[in-house]
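> Input final.tsv, format and content: TSV, C-alpha atoms.
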chain	number	residue	atom	x	y	z
A	27	MET	CA	-3.51	12.59	32.31
A	28	ASP	CA	-0.16	13.03	30.65
A	29	VAL	CA	-0.33	12.12	27.01
A	30	LYS	CA	3.11	10.81	26.35
A	31	VAL	CA	4.50	8.14	24.14
A	32	SER	CA	5.62	5.34	26.37
A	33	GLU	CA	8.47	2.99	25.67
A	34	PRO	CA	7.32	0.06	23.55
A	35	SER	CA	8.02	-2.36	26.37
A	36	THR	CA	6.56	-1.14	29.63
A	37	PRO	CA	8.18	-2.76	32.65
A	38	PHE	CA	6.10	-5.11	34.71
A	39	PRO	CA	4.20	-3.17	37.36
A	40	GLY	CA	5.60	-4.15	40.75
A	41	THR	CA	8.76	-4.61	42.74
A	42	ILE	CA	10.78	-7.77	43.14
A	43	HIS	CA	12.41	-8.44	46.50
A	44	GLU	CA	15.27	-10.87	46.16
A	45	THR	CA	15.22	-13.65	48.70
A	46	PRO	CA	17.39	-16.73	48.94
A	47	GLY	CA	16.08	-19.34	46.55
A	48	GLY	CA	13.88	-17.01	44.53
A	49	GLY	CA	12.09	-13.73	45.11
A	50	ILE	CA	8.89	-12.09	46.26
A	51	LEU	CA	6.89	-9.98	43.89
A	52	LEU	CA	4.88	-7.12	45.32
A	53	SER	CA	2.24	-5.62	43.07
A	54	SER	CA	-1.40	-4.74	42.94
A	55	LEU	CA	-3.67	-7.15	41.11
A	56	ASP	CA	-5.40	-4.30	39.23
A	57	ASP	CA	-2.06	-3.08	37.92
A	58	VAL	CA	-1.14	-6.56	36.70
A	59	ILE	CA	-4.51	-7.04	35.04
A	60	ASN	CA	-4.37	-3.65	33.34
A	61	TRP	CA	-0.81	-4.30	32.24
A	62	ALA	CA	-1.86	-7.58	30.67
A	63	ARG	CA	-4.95	-6.09	29.03
A	64	SER	CA	-3.14	-3.12	27.57
A	65	ASN	CA	-0.46	-5.27	25.98
A	66	SER	CA	-2.83	-7.66	24.28
A	67	LEU	CA	-5.53	-5.68	22.49
A	68	TRP	CA	-7.04	-7.39	19.49
A	69	PRO	CA	-8.86	-5.08	17.10
A	70	LEU	CA	-12.02	-5.98	15.24
A	71	VAL	CA	-12.00	-6.18	11.46
A	72	PHE	CA	-14.04	-3.05	10.86
A	73	GLY	CA	-13.38	-0.43	8.22
A	74	THR	CA	-15.99	1.72	6.55
A	75	SER	CA	-13.87	3.89	4.25
A	76	CYS	CA	-10.47	5.33	3.42
A	77	CYS	CA	-9.20	5.44	7.03
A	78	ALA	CA	-9.35	1.64	6.88
A	79	ILE	CA	-6.57	1.71	4.28
A	80	GLU	CA	-4.36	3.54	6.77
A	81	MET	CA	-5.39	1.09	9.47
A	82	MET	CA	-4.40	-1.84	7.25
A	83	SER	CA	-1.10	-0.10	6.61
A	84	VAL	CA	-0.52	0.11	10.36
A	85	ALA	CA	-1.04	-3.64	10.53
A	86	SER	CA	1.43	-4.29	7.73
A	87	ALA	CA	5.19	-4.74	7.98
A	88	LYS	CA	6.28	-1.11	7.79
A	89	TYR	CA	4.39	0.14	10.86
A	90	ASP	CA	3.50	-3.23	12.38
A	91	PHE	CA	1.31	-2.64	15.39
A	92	SER	CA	1.96	-6.14	16.68
A	93	ARG	CA	5.06	-4.57	18.19
A	94	PHE	CA	2.72	-2.94	20.70
A	95	GLY	CA	0.53	-5.96	21.29
A	96	PHE	CA	-2.24	-5.28	18.79
A	97	GLU	CA	-1.26	-8.42	17.00
A	98	VAL	CA	-4.16	-9.72	14.90
A	99	PHE	CA	-7.43	-8.44	13.55
A	100	ARG	CA	-10.30	-10.59	14.70
A	101	ALA	CA	-13.16	-11.21	12.32
A	102	SER	CA	-15.57	-11.94	15.18
A	103	PRO	CA	-16.58	-9.27	17.69
A	104	ARG	CA	-16.64	-12.00	20.36
A	105	GLN	CA	-12.85	-12.29	20.13
A	106	ALA	CA	-12.08	-8.58	19.81
A	107	ASP	CA	-11.06	-6.12	22.54
A	108	VAL	CA	-10.93	-2.87	20.63
A	109	ILE	CA	-12.88	-1.51	17.70
A	110	ILE	CA	-11.11	1.03	15.51
A	111	ILE	CA	-13.86	2.99	13.79
A	112	SER	CA	-11.97	3.75	10.62
A	113	GLY	CA	-14.29	5.67	8.36
A	114	THR	CA	-17.63	7.32	7.90
A	115	ILE	CA	-20.56	5.93	9.86
A	116	VAL	CA	-23.78	6.36	7.91
A	117	ASN	CA	-27.26	6.07	9.35
A	118	LYS	CA	-27.66	2.63	7.83
A	119	MET	CA	-24.39	1.43	9.38
A	120	ALA	CA	-25.09	2.82	12.87
A	121	PRO	CA	-27.25	-0.11	14.10
A	122	VAL	CA	-24.65	-2.56	12.78
A	123	LEU	CA	-21.89	-0.75	14.66
A	124	LYS	CA	-23.98	-0.75	17.84
A	125	ARG	CA	-24.66	-4.45	17.48
A	126	LEU	CA	-20.97	-5.28	16.91
A	127	PHE	CA	-20.04	-3.22	19.97
A	128	ASP	CA	-22.69	-5.00	22.05
A	129	GLN	CA	-21.37	-8.37	20.95
A	130	MET	CA	-17.82	-7.61	22.09
A	131	PRO	CA	-16.92	-9.02	25.52
A	132	GLU	CA	-15.97	-6.68	28.35
A	133	PRO	CA	-13.59	-4.95	28.73
A	134	LYS	CA	-13.94	-3.26	25.35
A	135	TYR	CA	-12.44	-0.12	23.95
A	136	VAL	CA	-13.24	2.16	21.04
A	137	ILE	CA	-10.98	4.37	18.95
A	138	ALA	CA	-12.66	6.92	16.66
A	139	MET	CA	-10.21	7.24	13.83
A	140	GLY	CA	-10.30	10.29	11.58
A	141	ALA	CA	-12.60	13.24	11.06
A	142	CYS	CA	-15.70	11.25	10.00
A	143	ALA	CA	-15.70	9.01	13.05
A	144	THR	CA	-15.09	11.87	15.50
A	145	SER	CA	-17.56	14.43	14.16
A	146	GLY	CA	-18.82	13.57	10.69
A	147	GLY	CA	-15.91	15.63	9.36
A	148	PRO	CA	-16.33	16.59	5.71
A	149	PHE	CA	-19.89	15.24	5.84
A	150	PHE	CA	-21.02	17.42	8.72
A	151	TYR	CA	-22.94	19.90	6.58
A	152	ASN	CA	-25.54	19.26	3.89
A	153	THR	CA	-25.57	15.48	4.26
A	154	TYR	CA	-28.67	13.43	4.83
A	155	SER	CA	-27.00	10.09	5.55
A	156	VAL	CA	-23.99	10.52	7.85
A	157	VAL	CA	-23.89	10.14	11.64
A	158	LYS	CA	-22.17	13.26	13.02
A	159	GLY	CA	-19.66	11.42	15.15
A	160	ALA	CA	-19.58	7.76	16.14
A	161	ASP	CA	-20.00	8.76	19.79
A	162	HIS	CA	-23.69	9.26	19.04
A	163	VAL	CA	-23.85	5.48	18.75
A	164	ILE	CA	-21.20	3.99	21.05
A	165	PRO	CA	-18.86	5.46	23.71
A	166	VAL	CA	-15.43	6.41	22.38
A	167	ASP	CA	-12.17	6.15	24.36
A	168	VAL	CA	-9.68	7.84	22.05
A	169	TYR	CA	-10.40	10.38	19.34
A	170	LEU	CA	-7.92	10.70	16.50
A	171	ALA	CA	-7.87	13.70	14.19
A	172	GLY	CA	-6.90	13.64	10.53
A	173	CYS	CA	-8.43	12.94	7.15
A	174	PRO	CA	-7.17	10.29	7.03
A	175	PRO	CA	-4.64	10.27	9.90
A	176	ARG	CA	-1.11	9.13	9.21
A	177	PRO	CA	-0.30	5.57	10.31
A	178	GLU	CA	2.00	7.06	12.95
A	179	ALA	CA	-0.99	8.99	14.30
A	180	LEU	CA	-2.99	5.78	14.65
A	181	LEU	CA	-0.02	4.19	16.44
A	182	HIS	CA	-0.03	7.16	18.79
A	183	ALA	CA	-3.76	6.73	19.38
A	184	LEU	CA	-3.28	3.05	20.13
A	185	ILE	CA	-0.45	3.81	22.57
A	186	THR	CA	-2.63	6.49	24.17
A	187	LEU	CA	-5.31	3.85	24.65
A	188	GLN	CA	-2.71	1.62	26.32
A	189	GLU	CA	-1.76	4.51	28.61
A	190	LYS	CA	-5.40	4.98	29.46
A	191	ILE	CA	-5.86	1.31	30.33
A	192	LYS	CA	-2.66	1.18	32.38
A	193	SER	CA	-3.67	4.25	34.37
A	194	GLY	CA	-6.73	2.33	35.53
A	195	LEU	CA	-8.78	5.51	35.63
A	196	THR	CA	-12.36	5.96	34.49
A	197	ARG	CA	-13.41	8.55	31.95
A	198	GLU	CA	-14.71	10.80	34.76
A	199	GLN	CA	-11.48	10.54	36.72
A	200	ILE	CA	-9.43	11.41	33.64
A	201	ARG	CA	-11.70	14.35	32.92
A	202	SER	CA	-11.44	15.80	36.43
A	203	LYS	CA	-7.66	15.33	36.35
A	204	MET	CA	-7.43	17.15	33.05
A	205	SER	CA	-9.62	20.03	34.24
A	206	GLU	CA	-7.40	20.32	37.33
A	207	GLU	CA	-4.35	20.52	35.12
A	208	TYR	CA	-5.56	22.81	32.38
A	209	GLY	CA	-8.42	24.66	34.09
A	210	LYS	CA	-12.02	24.42	33.02
B	24	MET	CA	-13.13	5.04	-33.94
B	25	GLU	CA	-11.33	8.09	-32.67
B	26	ASN	CA	-13.42	10.92	-31.24
B	27	GLU	CA	-13.34	13.13	-34.37
B	28	PRO	CA	-14.57	10.53	-36.90
B	29	LEU	CA	-17.05	9.22	-34.32
B	30	LEU	CA	-18.47	12.72	-33.86
B	31	ASN	CA	-18.77	13.18	-37.61
B	32	SER	CA	-20.50	9.86	-38.13
B	33	LEU	CA	-22.88	10.59	-35.25
B	34	GLN	CA	-23.68	13.97	-36.76
B	35	THR	CA	-24.53	12.35	-40.10
B	36	GLY	CA	-26.58	9.68	-38.32
B	37	PHE	CA	-28.51	12.16	-36.17
B	38	PRO	CA	-28.66	15.48	-38.07
B	39	GLU	CA	-31.10	17.14	-35.66
B	40	ALA	CA	-29.14	16.32	-32.45
B	41	THR	CA	-26.55	18.70	-30.99
B	42	ILE	CA	-23.18	16.98	-30.69
B	43	ALA	CA	-19.89	18.33	-29.36
B	44	ILE	CA	-16.65	16.90	-28.05
B	45	GLY	CA	-16.80	16.96	-24.27
B	46	SER	CA	-13.90	16.58	-21.87
B	47	ASP	CA	-13.36	12.98	-22.99
B	48	TRP	CA	-15.90	11.81	-25.54
B	49	PRO	CA	-18.49	13.10	-28.01
B	50	GLU	CA	-21.57	14.28	-26.16
B	51	MET	CA	-24.94	14.12	-27.86
B	52	SER	CA	-28.04	15.88	-26.52
B	53	ILE	CA	-31.46	14.59	-27.50
B	54	GLU	CA	-35.08	14.96	-26.46
B	55	SER	CA	-36.24	12.39	-23.91
B	56	THR	CA	-39.00	11.19	-26.28
B	57	GLN	CA	-36.37	10.14	-28.83
B	58	LEU	CA	-34.37	8.08	-26.34
B	59	LEU	CA	-35.40	4.56	-27.33
B	60	GLU	CA	-35.04	5.01	-31.09
B	61	VAL	CA	-31.65	6.71	-30.67
B	62	ILE	CA	-30.33	3.97	-28.40
B	63	GLU	CA	-31.68	1.27	-30.69
B	64	LYS	CA	-29.84	2.87	-33.61
B	65	LEU	CA	-26.61	3.34	-31.62
B	66	LYS	CA	-26.62	-0.21	-30.36
B	67	GLY	CA	-27.83	-1.90	-33.54
B	68	SER	CA	-25.59	-0.13	-36.02
B	69	ASP	CA	-22.63	-2.13	-37.35
B	70	ASN	CA	-20.18	0.77	-37.37
B	71	TRP	CA	-21.03	2.09	-33.88
B	72	ASP	CA	-22.00	-1.06	-31.95
B	73	PHE	CA	-22.52	0.64	-28.57
B	74	ASN	CA	-23.13	-2.60	-26.72
B	75	TYR	CA	-22.09	-1.53	-23.23
B	76	LEU	CA	-23.74	1.01	-20.92
B	77	PHE	CA	-21.04	1.74	-18.38
B	78	CYS	CA	-22.69	4.56	-16.50
B	79	GLU	CA	-26.19	5.91	-16.19
B	80	THR	CA	-26.83	8.85	-13.95
B	81	CYS	CA	-28.77	12.07	-13.59
B	82	VAL	CA	-28.09	15.76	-13.02
B	83	ASP	CA	-30.45	18.17	-11.29
B	84	TRP	CA	-30.25	21.62	-12.91
B	85	LYS	CA	-33.08	23.00	-10.71
B	86	THR	CA	-35.06	23.91	-13.86
B	87	HIS	CA	-34.90	20.41	-15.33
B	88	PHE	CA	-33.13	17.08	-15.02
B	89	THR	CA	-30.60	15.64	-17.46
B	90	MET	CA	-30.31	11.89	-17.77
B	91	VAL	CA	-26.75	10.98	-18.76
B	92	TYR	CA	-25.91	7.69	-20.47
B	93	HIS	CA	-22.28	6.69	-21.01
B	94	LEU	CA	-22.10	4.21	-23.84
B	95	SER	CA	-19.14	2.22	-25.01
B	96	SER	CA	-18.34	-0.34	-27.67
B	97	THR	CA	-16.36	-3.36	-26.57
B	98	GLN	CA	-15.63	-4.13	-30.24
B	99	PHE	CA	-14.42	-0.71	-31.45
B	100	ARG	CA	-13.28	0.64	-28.08
B	101	HIS	CA	-14.99	3.99	-28.55
B	102	SER	CA	-17.26	5.74	-26.08
B	103	MET	CA	-19.83	8.48	-26.12
B	104	VAL	CA	-22.15	10.37	-23.81
B	105	LEU	CA	-25.86	10.61	-24.44
B	106	LYS	CA	-27.85	13.29	-22.65
B	107	ALA	CA	-31.61	13.55	-22.47
B	108	LYS	CA	-33.53	16.42	-20.93
B	109	VAL	CA	-36.24	15.40	-18.46
B	110	ASP	CA	-39.03	17.66	-17.28
B	111	ARG	CA	-38.92	18.52	-13.57
B	112	GLU	CA	-42.69	18.58	-13.05
B	113	ILE	CA	-43.27	15.21	-14.76
B	114	PRO	CA	-39.95	13.37	-14.27
B	115	GLN	CA	-40.52	10.48	-16.63
B	116	ILE	CA	-38.32	8.78	-19.20
B	117	GLU	CA	-38.34	5.41	-20.94
B	118	SER	CA	-36.26	2.68	-19.32
B	119	VAL	CA	-33.38	1.27	-21.36
B	120	VAL	CA	-33.44	-2.11	-19.59
B	121	LYS	CA	-34.53	-3.90	-22.74
B	122	PHE	CA	-31.27	-2.81	-24.41
B	123	TYR	CA	-28.93	-2.99	-21.42
B	124	LYS	CA	-29.65	-5.35	-18.54
B	125	THR	CA	-27.23	-3.39	-16.33
B	126	ALA	CA	-29.61	-0.43	-16.47
B	127	GLU	CA	-31.93	-2.26	-14.08
B	128	MET	CA	-29.76	-1.43	-11.04
B	129	LEU	CA	-28.54	1.92	-12.39
B	130	GLU	CA	-32.09	3.10	-12.96
B	131	ARG	CA	-33.16	1.91	-9.54
B	132	GLU	CA	-30.37	4.02	-8.04
B	133	VAL	CA	-31.39	7.09	-10.06
B	134	TYR	CA	-35.01	6.53	-9.08
B	135	ASP	CA	-33.95	6.20	-5.46
B	136	LEU	CA	-31.92	9.41	-5.30
B	137	PHE	CA	-33.52	11.64	-7.97
B	138	GLY	CA	-37.04	10.28	-8.25
B	139	ILE	CA	-37.05	9.82	-12.02
B	140	GLN	CA	-39.86	7.49	-13.08
B	141	PHE	CA	-38.57	4.94	-15.60
B	142	LEU	CA	-41.37	3.75	-17.81
B	143	ASN	CA	-41.47	-0.01	-18.49
B	144	HIS	CA	-38.81	-0.77	-15.89
B	145	PRO	CA	-39.31	-4.35	-14.63
B	146	ASP	CA	-38.73	-3.69	-10.91
B	147	LEU	CA	-38.62	0.01	-10.03
B	148	ARG	CA	-38.17	0.39	-6.28
B	149	ARG	CA	-35.64	1.95	-3.93
B	150	LEU	CA	-32.15	0.47	-3.94
B	151	LEU	CA	-29.94	2.18	-1.34
B	152	LEU	CA	-32.37	3.95	0.96
B	153	THR	CA	-34.98	2.32	3.14
B	154	GLU	CA	-38.31	1.41	1.57
B	155	ASP	CA	-40.24	3.96	3.62
B	156	TRP	CA	-37.93	6.90	2.82
B	157	VAL	CA	-39.72	10.12	1.93
B	158	GLY	CA	-38.20	12.33	-0.78
B	159	TYR	CA	-35.25	12.05	-3.14
B	160	PRO	CA	-32.04	13.21	-1.42
B	161	LEU	CA	-29.90	14.15	-4.43
B	162	ARG	CA	-32.43	16.67	-5.67
B	163	LYS	CA	-31.23	20.21	-5.09
B	164	ASP	CA	-34.40	21.18	-3.21
B	165	TYR	CA	-34.26	18.19	-0.85
B	166	HIS	CA	-34.34	19.12	2.80
B	167	ASP	CA	-34.24	16.90	5.86
B	168	PRO	CA	-34.38	19.03	9.02
B	169	ILE	CA	-33.56	16.07	11.30
B	170	ASN	CA	-30.41	14.73	9.67
B	171	MET	CA	-29.18	17.67	7.65
B	172	ILE	CA	-27.31	20.72	8.89
B	173	LYS	CA	-27.59	23.31	6.14
B	174	LEU	CA	-24.65	25.55	5.45
I need this file expressed as structure tokens, please.

Amino acid sequence: MDVKVSEPSTPFPGTIHETPGGGILLSSLDDVINWARSNSLWPLVFGTSCCAIEMMSVASAKYDFSRFGFEVFRASPRQADVIIISGTIVNKMAPVLKRLFDQMPEPKYVIAMGACATSGGPFFYNTYSVVKGADHVIPVDVYLAGCPPRPEALLHALITLQEKIKSGLTREQIRSKMSEEYGK
Amino acid sequence: MENEPLLNSLQTGFPEATIAIGSDWPEMSIESTQLLEVIEKLKGSDNWDFNYLFCETCVDWKTHFTMVYHLSSTQFRHSMVLKAKVDREIPQIESVVKFYKTAEMLEREVYDLFGIQFLNHPDLRRLLLTEDWVGYPLRKDYHDPINMIKL
């Protein structure tokens, strides 16, 4: 899969054939659904440490992720589409995270933001309490490096998630495509 | 009081204790058996009036523990550090809850992570970790082969 930054406003997927008195739209329903989903992703209010400060900054006026359809943080997992794991996940928090993820309606997406959420990061060695990567608890769609990542990096991760949704491919399909491209 | 006059007055008040200016405040080292009488004197005295315990923690030196009490006076705006040596084999020290109510939670945390037994503490049980946790994770010799990757 090409990881590229798309234009903020992706054109509607489909072709319009002009006819007298209107037009006919030809598109695939999956494309339309994925287009709609990717442009209206509501994140869950979930922040466990300093990455959350960067996440809040992305929501604020300077970076403003509503420009890309991320719009509002939802305080209930039942209204959220994406969970941005911004911060360290400790053993005590892991069951809570799992429960929140389970309560989110399908389709749901996960972004592991920062070193702690991807691998445990600075707490990988000599720590008794930290989960070494949130993907031990829930499946992750996009991993984002940094400690903490810049707000621009989170924007890039969010746009990458949109790309992933728009492509309509599963994790396995993306993986086989990538191994074709870059070799095993 | 500024640090210098505070140190001098502490030295006159406690001739047998070792006192030095630390990175921020005067630091006084005492024996753990003296703790209660020293704190009573520090809190009760009119010219010290250490009525606020703003930090209570512990250090593991492998050979022994050091309990560290950060005291402050809301009236005179001066602060000091009180250090008491605790034996590693019998990690016991008197609780200071009867002088500072805030010590109840602070001592529970220290008990939780270092395993120091606070004598006469009203409710000494684990605070952060689960009730059935085995061991005290902030001790230097703590090892947890399941969760910990040693480097």
> Looking at all atoms listed in the file, which of A:Lys192, A:Asp128, A:Tyr208, A:Ser75 is the one that sits closest to A:Ile59?
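The closest residue to A:Ile59 is A:Lys192.
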> Pull out every residue of chain A sitting within 8 Å of chain B, counting all atoms listed in the file, and send them as a PyMOL selection string.
chain A and resi 150-156
> For stretch 196-199 of chain A, work out the shell of residues within 12 Å, counting all atoms listed in the file and skipping chain neighbours fewer than 4 positions away, then give it as a PDB file with C-alpha atoms, in the coordinates of the input.

ATOM      1  CA  MET A  27      -3.510  12.590  32.310  1.00  0.00           C
ATOM      2  CA  TYR A 135     -12.440  -0.120  23.950  1.00  0.00           C
ATOM      3  CA  PRO A 165     -18.860   5.460  23.710  1.00  0.00           C
ATOM      4  CA  VAL A 166     -15.430   6.410  22.380  1.00  0.00           C
ATOM      5  CA  ASP A 167     -12.170   6.150  24.360  1.00  0.00           C
ATOM      6  CA  VAL A 168      -9.680   7.840  22.050  1.00  0.00           C
ATOM      7  CA  LEU A 187      -5.310   3.850  24.650  1.00  0.00           C
ATOM      8  CA  LYS A 190      -5.400   4.980  29.460  1.00  0.00           C
ATOM      9  CA  ILE A 191      -5.860   1.310  30.330  1.00  0.00           C
ATOM     10  CA  LYS A 192      -2.660   1.180  32.380  1.00  0.00           C
ATOM     11  CA  LYS A 203      -7.660  15.330  36.350  1.00  0.00           C
ATOM     12  CA  MET A 204      -7.430  17.150  33.050  1.00  0.00           C
ATOM     13  CA  SER A 205      -9.620  20.030  34.240  1.00  0.00           C
ATOM     14  CA  GLU A 206      -7.400  20.320  37.330  1.00  0.00           C
TER      15      GLU A 206
END
> Counting all atoms listed in the file, figure out which residue out of B:Leu136, B:Leu59, B:Leu150, B:Met90 gets nearest to B:Phe122.
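Closest to B:Phe122 of all the choices is B:Leu59.
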> Quick one: residues within 10 Å of (-13.9, 7.5, 17.4) (file frame), counting only C-alpha atoms, please, as a list in words.
Ile109, Ile110, Ile111, Ser112, Gly113, Val136, Ile137, Ala138, Met139, Gly140, Ala141, Cys142, Ala143, Thr144, Ser145, Gly159, Ala160, Asp161, Ile164, Pro165, Val166, Asp167, Val168, Tyr169, Leu170 and Ala171 of chain A
> Taking C-alpha atoms for each residue, export the selection above as a PDB file, in the coordinates of the input.

ATOM      1  CA  ILE A 109     -12.880  -1.510  17.700  1.00  0.00           C
ATOM      2  CA  ILE A 110     -11.110   1.030  15.510  1.00  0.00           C
ATOM      3  CA  ILE A 111     -13.860   2.990  13.790  1.00  0.00           C
ATOM      4  CA  SER A 112     -11.970   3.750  10.620  1.00  0.00           C
ATOM      5  CA  GLY A 113     -14.290   5.670   8.360  1.00  0.00           C
ATOM      6  CA  VAL A 136     -13.240   2.160  21.040  1.00  0.00           C
ATOM      7  CA  ILE A 137     -10.980   4.370  18.950  1.00  0.00           C
ATOM      8  CA  ALA A 138     -12.660   6.920  16.660  1.00  0.00           C
ATOM      9  CA  MET A 139     -10.210   7.240  13.830  1.00  0.00           C
ATOM     10  CA  GLY A 140     -10.300  10.290  11.580  1.00  0.00           C
ATOM     11  CA  ALA A 141     -12.600  13.240  11.060  1.00  0.00           C
ATOM     12  CA  CYS A 142     -15.700  11.250  10.000  1.00  0.00           C
ATOM     13  CA  ALA A 143     -15.700   9.010  13.050  1.00  0.00           C
ATOM     14  CA  THR A 144     -15.090  11.870  15.500  1.00  0.00           C
ATOM     15  CA  SER A 145     -17.560  14.430  14.160  1.00  0.00           C
ATOM     16  CA  GLY A 159     -19.660  11.420  15.150  1.00  0.00           C
ATOM     17  CA  ALA A 160     -19.580   7.760  16.140  1.00  0.00           C
ATOM     18  CA  ASP A 161     -20.000   8.760  19.790  1.00  0.00           C
ATOM     19  CA  ILE A 164     -21.200   3.990  21.050  1.00  0.00           C
ATOM     20  CA  PRO A 165     -18.860   5.460  23.710  1.00  0.00           C
ATOM     21  CA  VAL A 166     -15.430   6.410  22.380  1.00  0.00           C
ATOM     22  CA  ASP A 167     -12.170   6.150  24.360  1.00  0.00           C
ATOM     23  CA  VAL A 168      -9.680   7.840  22.050  1.00  0.00           C
ATOM     24  CA  TYR A 169     -10.400  10.380  19.340  1.00  0.00           C
ATOM     25  CA  LEU A 170      -7.920  10.700  16.500  1.00  0.00           C
ATOM     26  CA  ALA A 171      -7.870  13.700  14.190  1.00  0.00           C
TER      27      ALA A 171
END
> Please list as a list of chain:residue names every residue within 10 Å of B:Gln140, counting all atoms listed in the file and excluding residues in the same chain fewer than 6 positions away.
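So the residues in contact are B:Ile113, B:Pro114, B:Gln115, B:Ile116, B:Glu117, B:Ser118, B:Glu130, B:Arg131, B:Val133, B:Tyr134, B:Leu147, B:Arg148.
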> Anything within 10 Å of (-11.3, -10.2, 16.7): list those residues as a ChimeraX atom specification, counting all atoms listed in the file and sticking to the file's coordinates.
/A:67-72,98-109,130
> Fewer than 6 positions away in the same chain doesn't count, so skip those; otherwise give me all residues within 7 Å of B:Val120, counting only C-alpha atoms, as a list in words.
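Residues meeting the cut-off are Ala126, Glu127 and His144 of chain B.
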> From the set A:His182, A:Lys124, A:Lys134, A:Arg201, which residue has the shortest atom-to-atom contact distance to A:Phe94, counting only C-alpha atoms?
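Distance minimum relative to A:Phe94 lands on A:His182.
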> Can you tell me, as a PyMOL selection string, what residues are no more than 12 Å from B:Thr80 when counting all atoms listed in the file, ignoring any on the same chain fewer than 3 positions away?
chain B and resi 76-77+83+88-94+104-107+126+128-139+161
> Would you mind telling me which residue in A:Asp56, A:Pro177, A:Ser64, A:Ile42 lies nearest to A:Ser86 when using only C-alpha atoms?
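Looking only at the distances to A:Ser86, the closest residue turns out to be A:Pro177.
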> Neighbouring residues of A:Trp61 were defined as those with any atom within 9 Å, considering only C-alpha atoms; residues of the same chain fewer than 4 positions away were excluded. Please report them as a PyMOL selection string.
chain A and resi 36+38-39+56-57+65-66+188+191-192
> Record the distance separating atom CA of B:Arg100 and atom CA of B:Ser55, expressed in Å with one decimal.
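The value is 26.1 Å.
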> At what distance in Å, to one decimal, does atom CA of B:Gly36 lie from atom CA of B:Ser52?
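Answer for the atom CA of B:Ser52 to atom CA of B:Gly36 separation: 13.4 Å.
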> Mind pulling up the distance from atom CA of B:Glu50 to atom CA of B:Met103?
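Value for the atom CA of B:Met103-atom CA of B:Glu50 distance: 6.1 Å.
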